[in-house]
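Note sheet for the following structure.
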There are 2 protein chains.
Amino acid sequence: MAEMNDIYEKVMDVARRRGFVWPSSEIYGSVAGFIDYGPLGAMMKRNIENLWRSFYIVQEGYYEIECPIIGPETIFVASGHVKEFADIMIQCPQCGEYLRADHLAAEHGIEGAGALPAEAFREVLYELPCSACGERLGDTDVVSFNLMFETTIGPGSQRRGYLRPETAQGIFTDFPRLLRFYRDKLPFGVVQIGKSYRNEISPRQGMIRLREFSQAEAEIFVHPDEKRHPAFHRYADYKAPLLTIPQQLENKPPLTTTMRAAVDAGLIANEYVAYFIALTHRLLVEIGVDPARLRFRQHLTDERAHYAEDCWDAEVYSGRFGWVEVVGIADRTDYDLQAHARHSGTSMTVFIPYDEVKRVKRRRIVPDMGMLGPKFRGRAKAIAEALVASDPGKEGVTVVVDGEEIFIPADLYQVREEEVEVRGEEVVPHVIEPSYGIDRMLYVVLEHAYAEEMVGDEVRTVLRLPPAVAPVQVAVFPLMNRDGLDVIAQQIAGTLAQHGIIAQYDDSGAIGRRYRRQDEIGTPFAVTVDYDTKEDGTVTIRDRDSMEQVRVSIDALPATVCSLISGTTTFRKLRA
Amino acid sequence: MAEMNDIYEKVMDVARRRGFVWPSSEIYGSVAGFIDYGPLGAMMKRNIENLWRSFYIVQEGYYEIECPIIGPETIFVASGHVKEFADIMIQCPQCGEYLRADHLAAEHGIEGAGALPAEAFREVLYELPCSACGERLGDTDVVSFNLMFETTIGPGSQRRGYLRPETAQGIFTDFPRLLRFYRDKLPFGVVQIGKSYRNEISPRQGMIRLREFSQAEAEIFVHPDEKRHPAFHRYADYKAPLLTIPQQLENKPPLTTTMRAAVDAGLIANEYVAYFIALTHRLLVEIGVDPARLRFRQHLTDERAHYAEDCWDAEVYSGRFGWVEVVGIADRTDYDLQAHARHSGTSMTVFIPYDEVKRVKRRRIVPDMGMLGPKFRGRAKAIAEALVASDPGKEGVTVVVDGEEIFIPADLYQVREEEVEVRGEEVVPHVIEPSYGIDRMLYVVLEHAYAEEMVGDEVRTVLRLPPAVAPVQVAVFPLMNRDGLDVIAQQIAGTLAQHGIIAQYDDSGAIGRRYRRQDEIGTPFAVTVDYDTKEDGTVTIRDRDSMEQVRVSIDALPATVCSLISGTTTFRKLRA
């Protein structure tokens, strides 16, 4: 366990020292749950986000939108967050520390205490020690703490607002506009990348549990009866390790199976969910997650939101944190759109035309107001309305008006048989949601990329980051900081940058030390300008992982480096 | 004026209808000061941000960092925002509406009322009508309203936090880390793109006055005595229209002059400020601002922050809003770093080594503790410390200890003459800050791009957006939605997307209508697959602005479109 914890310290040491991640507002003591991305971390984060976009925007053809972080209270009343986005909390009567009560109970082997009524929960906690001061808790109040950050929009406390707990709600509230943008057709997908917030009670897990974090979410709106993905063939034969509900209940390892087989066997609810499990697997491996430490775990029935049809977490194994959820993929059904339709009074349906117009027979009830009026006076109108919606028998029908049952005989209304044309139906779409936690992805990639190896009798620290994700893609060195080598190297760095390659010039210190510095931040390639460069116009490219070198001409350099980064060629092929 | 206002309505009509910008949380009635970027707006915004990065990150070589939006109160106490980031507000006693008092006074021709004491201000407002209900205001309280959004971090109101009013403070608080990243050398630059907040009292100017907005800020840390920009030659001969302080005072139009001449004549304080004025001019023109409606206005002495050495706004003329500030470029001196050093107790200096070690003579005072001890007992230590820092005369010196003056004769200490080596000095850098408002930039670009023209007897609406900024860069149409033309067109759209081009496939409606739809959203090029395509493998490219067409082979299409978008070729050349 000591060694396992160690990896986190080592990774964070490099991350802090080299400018990936810093404690936020460090000069004022910093606040738990907030981090700063330094120059290298911010670059790496953008690389991950752009790779994400290459999947969801370029390949899937979905559009990205950008909604505000602050939303008025009404949105989050409708979404259920005002009522339900909460953790159970106590305050230690001895030291005053706020603690998450369910976590505290779980630490002492009492699982599922969160489901207990407050009174029973208090009794459970009575004898337990505070995890901050160690004193026995005794009498404490178990309270629910809402995890949204609250603020006020405008002066005079006019309007309560919250910082969004997920980017998804912006997409849901824009549904009517988005539907028109997509010309009233299903399916369509919309994505959003941005900050979300969770005002954790006492976060203590670094980049894994942040109060301000970055999400990349996609909401795919589909016909509720058509959950076959039109491009399923792309991933039908793709295999991913699935920890299904039965595997979990029976304490078995994940099944590795194709998406086609998983859907056919009913392990995954539908093709859409399976499609995004496979896509997510490929995406996570491409950003640098070790596939041997990646699995998809299905939510257990009692863990799943009541409305969700199926839900899977992409979990990545961390030496420090164990299995960490980095992506959630859920079929949320029509829950969100129904909730917003109900609260806003705005229609959230799609009109689906039938292939052919249907002629449908129906009965229409026509109240005889000439009879009803004199008989029921003030209540006649309400009774007529109830009649129109009723389903009368032969003799008449009993309607309920103001809580009173009234029998209306058949001679007070007419029943007409009609045939009407129906051109289609209004449908509330279901939503498939893959939701990615960018900060967690970045951390687990750093952890999986971190390696130490002996080179001669020195330890080499190296981040084996994929070239697409590395914050510096190519380093450019002059062998010596003189004789014009530095000028040539600076020009090369400039040219590479113009080709969209993230290049870094460095002329400080011995060349071996410069290689090591780049190894430590994961730079996959280093170009060195030496005295031969002035003779024959060639430079060396050094490969981070094999530490081997190859000479190429300066003219061919941008194209060669582009191919190495995109993976259309490999360093080994280059040497052959 | 009617026609001028009109342009805003027209632009916003296209923007809403086609998915650039929507009112946020519209289904719940929306809240002033918040907008959603729809699919096209979000794409255009990212294009502008990436173009900004190509200037600041690729060309200038600055690194981007990413700090949280929520910051603890301490940061904003130090920065001065808790005390000073406020507007003067009244509440109408009749209708209860909150109003910005200085704006209200200015609407009635009373300029500069914001500088009056509260009591005098009240008297000025007494007879004025409320701008909401029209009633005479009468007795009102003039209060200061802080414009930061406030929230609480963690449970139990433990810690007050604010949403940042600018991204800059994150860079300043990270200064010690950033300095180490840049290996303790000046100058260096750091940038940040992200959301900032201003809780406006009653915003009524659409995208020009948002409560949540996007900034792109650069902070360049320079030696206070070296404000010559090392790459000034890049922009020395660049011309920009400068509305200097004298031009404004004399009511004259802007001077158009080179940056070199402006610095030499003392119109611009230094080369750094001039460099970023020129860079900003080029950047704004590249994203599509009409250079004839762009000027740089120098802040008047009383308008400039007290610490700033010089400050210029890039102003763009809007038919609706008049001259709008979209960028601010300031020499903030060492104000921010000094403030954070003072409040945090952390050093914010850079050690600047001298070219040669200097030998400096100095006097050292050595108290004689053997004499002081018996004589002053408990106060001896404090007196010794005061002596070390004192500047004694021949007979002795008077020191102040605990408020008491004590004369210490010369025999109670020794004065030694020493020569010490001084290797350099600690310097607090000055900060040059170009700060861009992305939302305003996007709006003015839409307004300047908007055109209506007669084509035959129809009005054509067209957004003349630069290809680098347009949300769709190329549309791909099959002439007919059959005979395999649609399949070929879809393949072409896919291939273009793989080349990093933002392509949109459309097969719906007549081809003329499809061209018009793309004109309206500013798509610079449209590719059409027709029956000749099946014969000879060529397609047409249609140019948005000239509406002319040219045939090119499918194989050459990606390279041709890339060249058209990057501007390395033009449509006219292609036709020649």
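Following the order of the structure tokens, chains are lettered A, B, ..., residues in each are numbered from 1, and ligands are numbered from 1.
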Got a sec: who's within 7 Å of B:His229, counting only C-alpha atoms, leaving out chain neighbours fewer than 2 positions off, as a PyMOL selection string? chain B and resi 227+231-232+271-272
### Task
Quick one: everything within 9 Å of A:Arg293, counting only C-alpha atoms, minus sequence neighbours fewer than 6 positions away in the same chain. Send it as number ranges by chain.
A: 315-318, 323, 448
Taking C-alpha atoms for each residue, export the selection above as a tab-separated table (two decimals), in the first residue's frame.
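Everything below was put into out_13.tsv:
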chain	number	residue	atom	x	y	z
A	315	GLU	CA	-13.58	3.25	-14.26
A	316	VAL	CA	-9.82	3.61	-14.31
A	317	TYR	CA	-7.55	2.04	-11.73
A	318	SER	CA	-5.38	4.47	-9.79
A	323	TRP	CA	-11.09	2.35	-9.23
A	448	HIS	CA	-0.48	5.75	-16.05
Notebook entry, point to check: Got a sec to pull out which chain B residues are within 8 Å of chain A, counting only C-alpha atoms, and send them as a PyMOL selection string?
Noted result: chain B and resi 18-19+24-28+31+34-39+41-43+58+63-68+70-72+74-75+98+145+149-155+170+173-174+177-178+181+199-202+212+344+346+497-498
Keeping N, CA and C atoms, export the residues of the selection given above as a compact mmCIF listing (two decimals), in the first residue's frame.
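Written out: again-v6.txt:
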# COMPACT_ATOMS: atom_id res chain seq x y z
N ARG B 18 -30.72 31.43 -36.55
CA ARG B 18 -29.81 30.44 -37.12
C ARG B 18 -28.94 29.74 -36.09
N GLY B 19 -29.04 30.14 -34.82
CA GLY B 19 -28.30 29.40 -33.80
C GLY B 19 -26.93 29.96 -33.46
N SER B 24 -30.54 33.16 -22.62
CA SER B 24 -30.28 31.99 -21.78
C SER B 24 -31.51 31.65 -20.94
N SER B 25 -31.69 30.38 -20.66
CA SER B 25 -32.84 29.86 -19.90
C SER B 25 -34.14 30.49 -20.37
N GLU B 26 -34.28 30.54 -21.68
CA GLU B 26 -35.41 31.21 -22.34
C GLU B 26 -36.75 30.60 -21.92
N ILE B 27 -36.81 29.27 -21.74
CA ILE B 27 -38.10 28.65 -21.42
C ILE B 27 -38.57 29.06 -20.03
N TYR B 28 -37.68 29.62 -19.22
CA TYR B 28 -38.08 30.13 -17.91
C TYR B 28 -38.11 31.66 -17.88
N VAL B 31 -32.89 35.69 -18.13
CA VAL B 31 -32.40 36.67 -17.16
C VAL B 31 -31.44 37.60 -17.89
N PHE B 34 -27.27 37.33 -19.42
CA PHE B 34 -26.79 35.97 -19.69
C PHE B 34 -27.24 35.54 -21.08
N ILE B 35 -26.32 34.96 -21.84
CA ILE B 35 -26.69 34.44 -23.16
C ILE B 35 -26.19 33.02 -23.33
N ASP B 36 -26.83 32.30 -24.22
CA ASP B 36 -26.35 30.99 -24.66
C ASP B 36 -25.75 31.16 -26.06
N TYR B 37 -24.60 30.57 -26.28
CA TYR B 37 -24.11 30.45 -27.64
C TYR B 37 -24.66 29.17 -28.23
N GLY B 38 -25.43 29.31 -29.29
CA GLY B 38 -25.93 28.13 -30.00
C GLY B 38 -24.83 27.48 -30.81
N PRO B 39 -25.16 26.45 -31.58
CA PRO B 39 -24.14 25.69 -32.30
C PRO B 39 -23.22 26.55 -33.17
N GLY B 41 -22.79 29.96 -33.00
CA GLY B 41 -22.10 30.96 -32.18
C GLY B 41 -20.95 30.38 -31.40
N ALA B 42 -21.17 29.18 -30.83
CA ALA B 42 -20.11 28.55 -30.05
C ALA B 42 -18.91 28.21 -30.94
N MET B 43 -19.22 27.76 -32.16
CA MET B 43 -18.13 27.44 -33.11
C MET B 43 -17.36 28.70 -33.47
N VAL B 58 1.21 31.01 -30.25
CA VAL B 58 2.12 30.57 -31.31
C VAL B 58 3.14 31.67 -31.63
N TYR B 63 2.62 31.18 -22.56
CA TYR B 63 1.88 30.00 -22.14
C TYR B 63 0.54 30.40 -21.55
N GLU B 64 -0.43 29.51 -21.72
CA GLU B 64 -1.77 29.73 -21.17
C GLU B 64 -1.88 28.95 -19.86
N ILE B 65 -2.53 29.53 -18.87
CA ILE B 65 -2.84 28.77 -17.67
C ILE B 65 -4.35 28.82 -17.44
N GLU B 66 -4.82 28.01 -16.49
CA GLU B 66 -6.27 27.96 -16.24
C GLU B 66 -6.51 27.91 -14.74
N CYS B 67 -7.05 29.00 -14.22
CA CYS B 67 -7.32 29.10 -12.79
C CYS B 67 -8.82 29.02 -12.55
N PRO B 68 -9.23 28.70 -11.32
CA PRO B 68 -10.67 28.59 -11.05
C PRO B 68 -11.38 29.93 -11.17
N ILE B 70 -14.06 30.58 -9.12
CA ILE B 70 -14.30 30.95 -7.72
C ILE B 70 -12.96 31.19 -7.04
N GLY B 71 -12.84 32.32 -6.35
CA GLY B 71 -11.64 32.60 -5.58
C GLY B 71 -12.01 32.97 -4.16
N PRO B 72 -11.15 32.67 -3.18
CA PRO B 72 -11.43 33.07 -1.81
C PRO B 72 -11.35 34.59 -1.68
N THR B 74 -9.79 36.59 0.22
CA THR B 74 -8.47 37.21 0.40
C THR B 74 -7.88 37.76 -0.89
N ILE B 75 -8.05 37.02 -2.00
CA ILE B 75 -7.50 37.47 -3.28
C ILE B 75 -8.08 38.83 -3.66
N TYR B 98 -34.18 48.77 -9.30
CA TYR B 98 -32.82 49.23 -9.01
C TYR B 98 -32.24 49.90 -10.24
N PHE B 145 -22.93 49.48 -4.73
CA PHE B 145 -23.26 48.06 -4.89
C PHE B 145 -22.06 47.33 -5.47
N PHE B 149 -20.10 38.67 -7.95
CA PHE B 149 -21.02 37.63 -7.49
C PHE B 149 -20.38 36.96 -6.28
N GLU B 150 -21.16 36.84 -5.21
CA GLU B 150 -20.64 36.28 -3.97
C GLU B 150 -21.18 34.87 -3.77
N THR B 151 -20.39 34.02 -3.15
CA THR B 151 -20.88 32.69 -2.80
C THR B 151 -20.14 32.21 -1.56
N THR B 152 -20.46 30.99 -1.13
CA THR B 152 -19.85 30.45 0.08
C THR B 152 -19.19 29.12 -0.27
N ILE B 153 -17.95 28.98 0.15
CA ILE B 153 -17.22 27.74 -0.13
C ILE B 153 -17.36 26.82 1.08
N GLY B 154 -17.88 25.63 0.85
CA GLY B 154 -18.04 24.66 1.93
C GLY B 154 -19.26 24.95 2.77
N PRO B 155 -19.55 24.05 3.74
CA PRO B 155 -20.76 24.21 4.55
C PRO B 155 -20.58 25.23 5.66
N GLY B 170 -5.72 35.45 -11.22
CA GLY B 170 -5.15 34.09 -11.14
C GLY B 170 -3.70 34.06 -11.60
N THR B 173 -1.56 35.84 -8.77
CA THR B 173 -1.32 35.03 -7.56
C THR B 173 -0.39 33.85 -7.86
N ASP B 174 -0.34 33.40 -9.12
CA ASP B 174 0.58 32.32 -9.48
C ASP B 174 1.98 32.84 -9.84
N ARG B 177 5.19 30.81 -8.89
CA ARG B 177 5.30 29.56 -9.64
C ARG B 177 5.67 29.82 -11.11
N LEU B 178 5.04 30.83 -11.68
CA LEU B 178 5.28 31.13 -13.09
C LEU B 178 6.72 31.59 -13.32
N PHE B 181 8.78 28.65 -13.49
CA PHE B 181 8.56 27.97 -14.78
C PHE B 181 9.39 28.63 -15.87
N ASN B 199 -21.70 41.55 -11.74
CA ASN B 199 -23.12 41.47 -11.37
C ASN B 199 -23.81 42.81 -11.62
N GLU B 200 -23.97 43.17 -12.89
CA GLU B 200 -24.53 44.47 -13.29
C GLU B 200 -25.85 44.75 -12.58
N ILE B 201 -26.09 46.02 -12.30
CA ILE B 201 -27.32 46.42 -11.60
C ILE B 201 -28.54 46.21 -12.49
N SER B 202 -28.49 46.70 -13.72
CA SER B 202 -29.61 46.41 -14.63
C SER B 202 -29.12 46.48 -16.08
N GLU B 212 -22.15 37.48 -17.21
CA GLU B 212 -21.14 36.41 -17.36
C GLU B 212 -20.57 36.55 -18.76
N SER B 344 -0.13 38.93 1.03
CA SER B 344 0.16 37.51 1.24
C SER B 344 1.45 37.29 2.00
N THR B 346 4.19 37.08 0.55
CA THR B 346 5.03 36.30 -0.36
C THR B 346 5.83 37.24 -1.25
N ALA B 497 -13.66 17.24 -43.15
CA ALA B 497 -13.63 17.29 -41.69
C ALA B 497 -12.34 16.67 -41.16
N GLN B 498 -11.92 15.56 -41.78
CA GLN B 498 -10.68 14.92 -41.35
C GLN B 498 -9.47 15.83 -41.55
query = So which residues of stretch 93-297 of chain A fall under strand (DSSP E or B) by DSSP, listed as a ChimeraX atom specification?
reply = /A:98-100,129,136,143-146,150-153,159-163,188-197,212-222,239-243,255-258,294-297
query: Can you tell me, as a VMD selection string, what residues are no more than 12 Å from B:Arg482 when counting only C-alpha atoms, ignoring any on the same chain fewer than 5 positions away?
result: chain B and resid 477 487 to 489 507 to 508 529 to 531
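Atom CA of A:Leu186 sits 22.9 Å away from atom CA of A:Met259.
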### Task
Can you work out the spacing between atom CA of B:Ala240 and atom CA of B:Asp336 in Å, to one decimal?
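That distance, rounded to one decimal, is 28.9 Å.
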